[in-house]
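Data from start_18.txt: compact mmCIF, C-alpha atoms and all ligand atoms
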# COMPACT_ATOMS: atom_id res chain seq x y z
CA MET A 1 -12.57 -39.54 11.21
CA LYS A 2 -11.25 -38.94 7.72
CA LEU A 3 -14.11 -36.54 7.00
CA ASN A 4 -13.27 -34.59 10.16
CA LEU A 5 -9.66 -34.19 9.02
CA ILE A 6 -10.79 -32.85 5.65
CA ARG A 7 -13.18 -30.43 7.38
CA THR A 8 -10.40 -29.22 9.67
CA ALA A 9 -8.10 -28.70 6.70
CA LYS A 10 -10.75 -26.75 4.85
CA TRP A 11 -11.45 -24.61 7.89
CA ARG A 12 -7.75 -23.92 8.32
CA ALA A 13 -7.41 -22.93 4.67
CA SER A 14 -10.32 -20.51 4.85
CA PHE A 15 -8.97 -19.09 8.10
CA VAL A 16 -5.56 -18.48 6.50
CA ILE A 17 -7.17 -16.86 3.46
CA THR A 18 -9.26 -14.61 5.71
CA VAL A 19 -6.19 -13.49 7.63
CA ILE A 20 -4.32 -12.77 4.39
CA LEU A 21 -7.25 -10.77 2.99
CA LEU A 22 -7.60 -8.80 6.22
CA SER A 23 -3.92 -7.86 6.29
CA LEU A 24 -4.01 -6.89 2.61
CA THR A 25 -6.98 -4.62 3.35
CA LEU A 26 -5.14 -2.98 6.23
CA VAL A 27 -2.04 -2.41 4.08
CA SER A 28 -3.98 -0.97 1.15
CA CYS A 29 -5.83 1.44 3.44
CA GLY A 30 -2.51 2.64 4.78
CA GLY A 31 -3.74 2.03 8.29
CA GLY A 32 -5.63 5.33 8.27
CA GLY A 33 -3.94 6.62 11.41
CA PRO A 34 -1.63 9.60 11.47
CA THR A 35 2.10 9.02 11.17
CA THR A 36 5.10 11.25 11.84
CA LYS A 37 7.01 9.64 8.97
CA ILE A 38 6.45 10.15 5.27
CA ASP A 39 8.26 7.75 2.98
CA VAL A 40 7.50 8.56 -0.63
CA THR A 41 8.92 7.40 -3.92
CA MET A 42 8.80 9.75 -6.89
CA THR A 43 8.59 8.35 -10.38
CA ASP A 44 7.71 9.74 -13.83
CA PHE A 45 5.00 10.90 -12.96
CA GLN A 46 3.65 9.74 -9.64
CA PHE A 47 4.03 9.93 -5.89
CA GLN A 48 3.91 6.51 -4.30
CA PRO A 49 2.00 6.46 -2.05
CA ASN A 50 -0.08 9.54 -2.83
CA GLN A 51 -1.99 9.93 0.44
CA PHE A 52 -0.50 10.88 3.78
CA THR A 53 -2.00 11.56 7.18
CA VAL A 54 0.04 13.44 9.78
CA PRO A 55 -0.66 14.95 13.20
CA ALA A 56 -0.87 18.76 13.32
CA GLY A 57 2.21 20.69 14.40
CA GLN A 58 4.42 17.63 14.82
CA GLN A 59 7.88 17.12 13.36
CA ILE A 60 7.52 14.86 10.34
CA THR A 61 10.40 12.75 9.09
CA PHE A 62 10.52 12.96 5.31
CA ILE A 63 12.25 10.20 3.40
CA SER A 64 12.12 10.17 -0.35
CA ALA A 65 13.77 8.85 -3.47
CA ASN A 66 13.44 10.10 -7.02
CA ASN A 67 13.43 6.98 -9.17
CA GLY A 68 12.46 8.95 -12.24
CA ALA A 69 14.54 10.32 -15.09
CA VAL A 70 13.72 13.97 -14.45
CA VAL A 71 13.64 16.44 -11.55
CA HIS A 72 10.67 16.04 -9.21
CA ASN A 73 9.40 18.08 -6.27
CA PHE A 74 7.24 17.44 -3.26
CA VAL A 75 5.36 20.68 -2.76
CA ILE A 76 2.81 21.07 0.03
CA MET A 77 0.38 23.88 -0.72
CA LYS A 78 -1.05 26.01 2.08
CA LEU A 79 -4.48 25.10 3.41
CA GLY A 80 -7.26 26.21 1.10
CA THR A 81 -4.94 26.86 -1.84
CA THR A 82 -4.36 24.83 -4.96
CA ALA A 83 -1.74 25.07 -7.66
CA GLY A 84 -4.47 24.35 -10.19
CA PRO A 85 -3.69 22.58 -13.47
CA PHE A 86 -0.11 23.90 -13.55
CA PHE A 87 2.29 25.49 -11.08
CA ASP A 88 3.36 29.04 -11.89
CA GLU A 89 4.77 32.17 -10.22
CA GLU A 90 1.50 33.12 -8.54
CA ASP A 91 1.49 29.79 -6.71
CA VAL A 92 4.87 30.41 -5.06
CA PRO A 93 3.46 32.41 -2.07
CA ASN A 94 1.03 29.54 -1.42
CA VAL A 95 3.76 26.95 -0.85
CA TYR A 96 3.85 25.63 2.71
CA TRP A 97 6.93 23.42 2.33
CA GLU A 98 8.79 21.94 -0.60
CA ILE A 99 11.76 19.86 -1.54
CA GLU A 100 13.35 19.20 -4.93
CA LEU A 101 14.97 15.91 -5.86
CA GLN A 102 17.26 15.39 -8.82
CA PRO A 103 16.81 12.19 -10.86
CA GLY A 104 18.27 9.35 -8.82
CA GLY A 105 18.44 11.63 -5.80
CA SER A 106 17.13 10.99 -2.33
CA ALA A 107 16.31 12.89 0.83
CA ASN A 108 16.15 12.22 4.54
CA THR A 109 14.96 15.35 6.24
CA SER A 110 12.05 16.68 8.24
CA PHE A 111 9.48 19.44 8.35
CA THR A 112 6.90 20.67 10.82
CA ALA A 113 3.37 19.66 9.95
CA PRO A 114 0.88 22.51 9.57
CA THR A 115 -0.91 23.38 12.82
CA GLU A 116 -4.29 23.65 11.12
CA PRO A 117 -6.06 20.34 10.49
CA GLY A 118 -7.40 19.87 6.98
CA GLU A 119 -6.62 18.51 3.56
CA TYR A 120 -3.55 19.92 1.88
CA GLU A 121 -2.71 19.60 -1.77
CA VAL A 122 0.66 18.15 -2.69
CA VAL A 123 2.02 18.68 -6.19
CA CYS A 124 5.16 18.33 -8.21
CA ARG A 125 5.99 21.80 -9.55
CA THR A 126 8.13 20.61 -12.43
CA GLU A 127 6.49 21.86 -15.62
CA GLY A 128 3.72 19.61 -16.89
CA HIS A 129 3.84 17.17 -13.99
CA ILE A 130 0.54 18.17 -12.38
CA ALA A 131 -1.14 17.59 -15.72
CA SER A 132 0.58 14.19 -15.85
CA GLY A 133 -1.06 13.33 -12.54
CA MET A 134 1.79 14.03 -10.14
CA THR A 135 -0.34 15.10 -7.20
CA ALA A 136 -1.02 13.76 -3.73
CA LYS A 137 -3.03 14.57 -0.63
CA LEU A 138 -1.74 15.43 2.82
CA THR A 139 -4.34 15.13 5.54
CA VAL A 140 -3.52 16.92 8.78
CA VAL A 141 -5.44 15.70 11.82
CA PRO A 142 -5.50 17.17 15.34
CA ALA A 143 -2.54 15.91 17.37
CA GLU A 144 -3.39 13.70 20.34
CA GLN A 145 -3.43 15.61 23.60
CU CU B 201 7.47 15.54 -11.03

Could you render the structure as structure tokens?
Ligand SMILES: [Cu+2]
Amino acid sequence: MKLNLIRTAKWRASFVITVILLSLTLVSCGGGGPTTKIDVTMTDFQFQPNQFTVPAGQQITFISANNGAVVHNFVIMKLGTTAGPFFDEEDVPNVYWEIELQPGGSANTSFTAPTEPGEYEVVCRTEGHIASGMTAKLTVVPAEQ
């Protein structure tokens, strides 16, 4: 009887641990599915998170805060284009959508996701920030019919 109780307790503990591990895995993968809401924190010099998946052509709510000490931008480059190692004048025509946030600033706005599915580069165009690693990836997937 006592042994059975111990076994049950052990089984419960391993079950709880499994559930916790599973939920952590789901959270760290970001769920994988497309979302119509992007909530991103900008710091010196990162986007957190730095991967987004949205449905093509849909209105995307964009919520962001700049927790850094300098100006940051969220710049979505057009499909098939890249800003390269630094953003300069010749990259301007390749911008799909962008927003600039002052230090301590925040935004609650929206934009229309590109209609063409694919992987879009996201960068911060403030000088030197791409080199510092301030990039992200926007994946556009076909919208559900
Ligand atoms: Cu930046």

Near range 69-79 of chain A, 7 Å: range 89-127 of chain A residue rows, closest pairs, all atoms listed in the file, as a Markdown table:
| residue | atom | partner | partner_atom | distance |
| --- | --- | --- | --- | --- |
| A:Asn94 | CA | A:Lys78 | CA | 5.4 |
| A:Val95 | CA | A:Met77 | CA | 4.6 |
| A:Tyr96 | CA | A:Lys78 | CA | 5.0 |
| A:Trp97 | CA | A:Ile76 | CA | 5.3 |
| A:Glu98 | CA | A:Val75 | CA | 4.2 |
| A:Ile99 | CA | A:Phe74 | CA | 5.4 |
| A:Glu100 | CA | A:Asn73 | CA | 4.3 |
| A:Leu101 | CA | A:His72 | CA | 5.5 |
| A:Gln102 | CA | A:Val71 | CA | 4.7 |
| A:Pro103 | CA | A:Val70 | CA | 5.1 |
| A:Gly118 | CA | A:Leu79 | CA | 7.0 |
| A:Glu119 | CA | A:Leu79 | CA | 6.9 |
| A:Tyr120 | CA | A:Leu79 | CA | 5.5 |
| A:Glu121 | CA | A:Met77 | CA | 5.4 |
| A:Val122 | CA | A:Ile76 | CA | 4.5 |
| A:Val123 | CA | A:Val75 | CA | 5.2 |
| A:Cys124 | CA | A:Asn73 | CA | 4.7 |
| A:Arg125 | CA | A:Asn73 | CA | 6.0 |
| A:Thr126 | CA | A:His72 | CA | 6.1 |

(request) Name the closest residue to Ala143 in chain A among the candidates A:Pro55, A:Pro49, A:Gly84, A:Gly33; distances are taken between atoms, counting only C-alpha atoms. (result)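 Result for the nearest residue to Ala143 in chain A: A:Pro55.
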
(request) Just the residues within 9 Å of range 131-134 of chain A, please, counting only C-alpha atoms, with nothing from its chain fewer than 2 positions along; format it as a PyMOL selection string. (result) chain A and resi 42-47+50+85-86+122-125+127-129+136

(request) Enter the distance from CA of Asp91 in chain A to CA of Val140 in chain A, in Å, rounded to one decimal. (result)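 Pair CA of Asp91 in chain A / CA of Val140 in chain A returns 20.8 Å.
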
(message) Here is a test: counting all atoms listed in the file, which residue of A:Thr53, A:Gln48, A:Thr81, A:Thr36 is nearest to Asn66 in chain A?
(response)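 Closest to Asn66 in chain A of all the choices is A:Gln48.
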
(message) For a test of reading the model, state the distance in Å between CA of Ala107 in chain A and CA of Phe87 in chain A, rounded to one decimal.
(response)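 So the two atoms, CA of Ala107 in chain A and CA of Phe87 in chain A, lie 22.3 Å apart.
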
(message) Between CA of Gln58 in chain A and CA of Thr35 in chain A, what distance in Å does the model show, to one decimal?
(response)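 Taking CA of Gln58 in chain A and CA of Thr35 in chain A, their separation equals 9.6 Å.
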
(message) For a cutoff of 8 Å around the file-coordinate point (10.2, 19.1, 15.2), which residues qualify once you count only C-alpha atoms? I'd like the result as a ChimeraX atom specification.
(response) /A:58-60,110-112

Report as JSON the centre and the edge lengths, in Å to one decimal, of the axis-aligned box holding every listed atom of range 119-124 of chain A, padded by 4 Å on each side.
{"center_x": -0.7, "center_y": 19.0, "center_z": -2.3, "size_x": 19.8, "size_y": 9.8, "size_z": 19.8}

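Closest approach to ligand CU 201 (chain B) from the set A:Gly80, A:Ala65, A:Ile38, A:Phe52 is made by A:Ala65, with distances taken over all atoms listed in the file.
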